[in-house]
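Structure record follows, encoded as structure tokens.
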Amino acid sequence: MTTFLFIGTTEVIFILFIVVMVFGADKIPEIARGLGKGMRMLRDASNDIKSEITKTAEKQGIDTDITNNITEEINKVKDDLEDFSGSIRREQ
């Protein structure tokens with residue numbers, strides 16, 4: 001059994017079953033599109049924040065090693081989100 005975010009496969013299947021029961025099978029693609037748009041907006045916002053931090057740091061002459069560390073952490077979060085969304089796409 002695979003676990004993600006402390007949730008096992010059985011729990012994920014149960015949650016998907018509840019989602020189908022509550023929203024109906026015809027609404028699931030619409031919900032998935034909404035989640036995709038939200039993730040895209042989050043990714044764009046994180047890229048904007050990252051570029052603004054870098055620009056400001058370069059203008060102020062601040063060492064950009066700190067921003068590089070922040071960039072690495074943001075990329076890790078993005079990768080985790082993409083892994084999670086990929087697992088959702090495969091299960092549908």
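Labels used: A, B, ... for chains in the order of the structure tokens, numbers from 1 for residues in each chain, and numbers from 1 for ligands as shown.
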
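For chain A, backbone-based DSSP labels the following residues as strand (DSSP E or B): Thr3, Phe4, Ile7 and Gly8 of chain A.
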
Since we have the selection now, will you write its residues out, keeping N, CA and C atoms, as a CSV table (one decimal), in the first residue's frame?
```csv
chain,number,residue,atom,x,y,z
A,3,THR,N,1.4,5.3,0.7
A,3,THR,CA,0.8,6.4,1.5
A,3,THR,C,1.3,7.7,1.0
A,4,PHE,N,0.5,8.7,1.0
A,4,PHE,CA,0.8,10.0,0.6
A,4,PHE,C,0.1,11.0,1.6
A,7,ILE,N,-2.0,9.4,4.2
A,7,ILE,CA,-3.3,8.8,3.7
A,7,ILE,C,-2.9,7.6,2.9
A,8,GLY,N,-3.5,6.4,3.2
A,8,GLY,CA,-3.2,5.2,2.5
A,8,GLY,C,-4.1,5.1,1.3
```

Using DSSP secondary structure from the backbone, list all alpha helix (DSSP H) positions within chain A, as a count of residues only. 75

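What separates CA of Thr10 in chain A from CA of Gly36 in chain A is a distance of 23.7 Å.
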
What gap, in Å, lies between CA of Val22 in chain A and CA of Leu35 in chain A? 16.9 Å

Near range 40-52 of chain A, within 9 Å and counting only C-alpha atoms, which residues show up once chain neighbours fewer than 2 positions away are dropped, as an MDAnalysis selection string? chainID A and resid 35:38 54:57 67 70:71 74 78

Of A:Ala32, A:Met39, A:Ile62, A:Ile53, the one nearest to Val77 in chain A when counting only C-alpha atoms is A:Met39

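Ranking A:Glu82, A:Asn68, A:Val19, A:Lys59 by their shortest atom-to-atom distance to Ile31 in chain A, with only C-alpha atoms included, puts A:Val19 first.
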
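Relative to CA of Asp83 in chain A, CA of Thr9 in chain A is found at 15.0 Å.
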